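First up is the structure itself, then whatever we jot down about it.
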Amino acid sequence: YLDDALVEGNIIDGPGIAAGILALDESSDLTVRRNWVTDHDGGINLVGDSSIGGTGLFVGALIENNIVDLTGRSVGSGLSLWGVQNALVRNNLLFGLPRYGITLGTGLAGGASTGNRLLNNTVVVLAGGQWALYTGEAATGTVLHNNILLNDSTRGSIAMESDSLPGLDSDRNLVVDRFSTNGGSTIIDLGAWRTATGMDESSALGTPGATFLAPGAGDYHLHEASPAVDAGLTLIDVPTDLEGFARPYGPAFDLGAFEWSNVIFNDGFEVFGGARWSVSIGL
């Protein structure tokens, strides 16, 4: 059992054939913060398992300020939440993903993944991949605000099985023009998604090249003209960004894990996998 446990400040480099961070069984108030997972079959996995004994649920988890890249080569996803309830998932950067970005489901857990809030995350799936966000097995009550959910494949931003649509609250996200309300069997555009769900009325379409400073070099900071700048809702649950800078810098919250600013950083950086991160991340 992992009640009130903290997983923080780890660099988990591959190649690895399993998840970089894997929590099994059950937990209440688990925190997973400021970890970097790269080159694994799975990134960060919270997997409830009632067959071990107990509830098989993860309740009240906080997953924030993590970096996950090059994970899910053949199975898995950047962030897998199975039997996870009432979690806060904020300011995570998931990129270079060959399969799924974030998945919510049940599996062997003691119940569905319900009531989870995904706020100000950046998720970028590679060409040939699956969905930036996939929810199924009655993963209801999901809140999606201020996220960047991009995908260069023939899949798209959000796919939900029909039993996961109840209670959905989704808006002010940056997306591609591909969604699904039946688990990916049928792909629809943003307009049809709005009609079917009533969600994402103020969300916008984007691409990595138009959004980030240098995505090809692994730099997913926003550039000044990015459609993600000043496009978000004001969220009291996300007072800072991934690097600890206060939100908002300008008149409104930005989308994704990074808040854009015109501050020039000349030192104090470390390089991980070709990307530039402030040491304030704490890795």
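Residues in the structure tokens are numbered from 1 in each chain, the chains being A, B, ... in the order shown, and ligands are numbered from 1 in the order shown.
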DSSP says alpha helix (DSSP H) for which residues of segment 129-273 of chain A? Put them as a compact mmCIF listing (two decimals) with C-alpha atoms, in the first residue's frame?
# COMPACT_ATOMS: atom_id res chain seq x y z
CA LEU A 190 -13.77 19.16 -33.79
CA GLY A 191 -17.12 20.49 -34.99
CA ALA A 192 -18.76 17.08 -34.80
CA TRP A 193 -17.15 16.48 -31.39
CA ARG A 194 -18.68 19.74 -30.15
CA THR A 195 -22.09 18.74 -31.49
CA ALA A 196 -21.92 15.25 -29.97
CA THR A 197 -20.59 16.23 -26.54
CA PRO A 208 3.67 21.40 -32.88
CA GLY A 209 5.48 23.71 -35.27
CA ALA A 210 3.09 26.59 -34.66
CA THR A 211 3.00 26.02 -30.90
Filtered DSSP result for segment 3-247 of chain A, state strand (DSSP E), as a PyMOL selection string: chain A and resi 6-8+11-25+27-28+31-33+36-48+58-59+62-64+67-69+77-82+84-85+88-90+93-97+100-105+117-119+122-125+133-135+143-145+148-151+158-160+169-171+174-175+179-180+204-205+212-214+219-222
Selection near Pro251 of chain A, 10 Å with only C-alpha atoms, sequence-local residues under 6 positions removed, as a PyMOL selection string: chain A and resi 229-231
Residue selection dump (N, CA, C and O atoms) as an mmCIF file, in the first residue's frame:
data_model
loop_
_atom_site.group_PDB
_atom_site.id
_atom_site.type_symbol
_atom_site.label_atom_id
_atom_site.label_comp_id
_atom_site.auth_asym_id
_atom_site.auth_seq_id
_atom_site.Cartn_x
_atom_site.Cartn_y
_atom_site.Cartn_z
ATOM 1 N N VAL A 229 -0.659 30.748 -26.083
ATOM 2 C CA VAL A 229 -0.375 31.868 -25.192
ATOM 3 C C VAL A 229 -1.668 32.627 -24.882
ATOM 4 O O VAL A 229 -2.436 32.987 -25.787
ATOM 5 N N ASP A 230 -1.932 32.857 -23.601
ATOM 6 C CA ASP A 230 -3.091 33.615 -23.120
ATOM 7 C C ASP A 230 -4.424 33.014 -23.565
ATOM 8 O O ASP A 230 -5.422 33.719 -23.667
ATOM 9 N N ALA A 231 -4.461 31.703 -23.800
ATOM 10 C CA ALA A 231 -5.670 31.065 -24.321
ATOM 11 C C ALA A 231 -6.400 30.234 -23.278
ATOM 12 O O ALA A 231 -7.423 29.616 -23.599
#
Residue contacts of Glu26 of chain A (12 Å, only C-alpha atoms) excluding same-chain residues fewer than 6 positions away, as a ChimeraX atom specification: /A:1-5,46-61,81-85,108-111
Selection above as a file: C-alpha atoms, as a PDB file, in the first residue's frame:
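Just written: result-v9.pdb:
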ATOM      1  CA  TYR A   1       0.000   0.000   0.000  1.00  0.00           C
ATOM      2  CA  LEU A   2       1.238   3.511  -0.848  1.00  0.00           C
ATOM      3  CA  ASP A   3      -0.757   5.820   1.382  1.00  0.00           C
ATOM      4  CA  ASP A   4       0.710   9.348   1.521  1.00  0.00           C
ATOM      5  CA  ALA A   5       3.798   8.187  -0.411  1.00  0.00           C
ATOM      6  CA  LEU A  46      -0.732   3.906 -11.495  1.00  0.00           C
ATOM      7  CA  VAL A  47      -2.400   0.514 -11.726  1.00  0.00           C
ATOM      8  CA  GLY A  48      -5.047  -0.521  -9.240  1.00  0.00           C
ATOM      9  CA  ASP A  49      -5.254  -4.265  -8.717  1.00  0.00           C
ATOM     10  CA  SER A  50      -8.005  -5.669  -6.505  1.00  0.00           C
ATOM     11  CA  SER A  51      -6.774  -9.226  -7.059  1.00  0.00           C
ATOM     12  CA  ILE A  52      -3.875  -8.500  -4.696  1.00  0.00           C
ATOM     13  CA  GLY A  53      -6.282  -7.589  -1.912  1.00  0.00           C
ATOM     14  CA  GLY A  54      -7.785  -4.342  -0.696  1.00  0.00           C
ATOM     15  CA  THR A  55      -9.722  -1.832  -2.753  1.00  0.00           C
ATOM     16  CA  GLY A  56      -7.512  -1.865  -5.832  1.00  0.00           C
ATOM     17  CA  LEU A  57      -8.002   1.912  -6.169  1.00  0.00           C
ATOM     18  CA  PHE A  58      -5.705   4.950  -6.232  1.00  0.00           C
ATOM     19  CA  VAL A  59      -7.605   7.806  -4.601  1.00  0.00           C
ATOM     20  CA  GLY A  60      -6.569  11.454  -4.415  1.00  0.00           C
ATOM     21  CA  ALA A  61      -3.250  11.175  -6.271  1.00  0.00           C
ATOM     22  CA  LEU A  81      -4.228   5.638 -14.844  1.00  0.00           C
ATOM     23  CA  TRP A  82      -6.163   2.474 -13.988  1.00  0.00           C
ATOM     24  CA  GLY A  83      -8.587   2.562 -11.109  1.00  0.00           C
ATOM     25  CA  VAL A  84      -7.447   6.123 -10.329  1.00  0.00           C
ATOM     26  CA  GLN A  85     -10.074   8.363  -8.749  1.00  0.00           C
ATOM     27  CA  LEU A 108      -7.941  -5.281 -12.712  1.00  0.00           C
ATOM     28  CA  ALA A 109      -8.732  -2.300 -10.470  1.00  0.00           C
ATOM     29  CA  GLY A 110     -11.543  -2.287  -7.945  1.00  0.00           C
ATOM     30  CA  GLY A 111     -13.391   0.427  -9.858  1.00  0.00           C
TER      31      GLY A 111
END
Contact check, segment 71-134 of chain A to segment 243-246 of chain A, at most 12 Å, counting only C-alpha atoms, closest pairs as JSON lines:
{"residue": "A:Asn91", "atom": "CA", "partner": "A:Glu243", "partner_atom": "CA", "distance": 8.9}
{"residue": "A:Asn92", "atom": "CA", "partner": "A:Glu243", "partner_atom": "CA", "distance": 10.5}
{"residue": "A:Leu93", "atom": "CA", "partner": "A:Glu243", "partner_atom": "CA", "distance": 11.0}
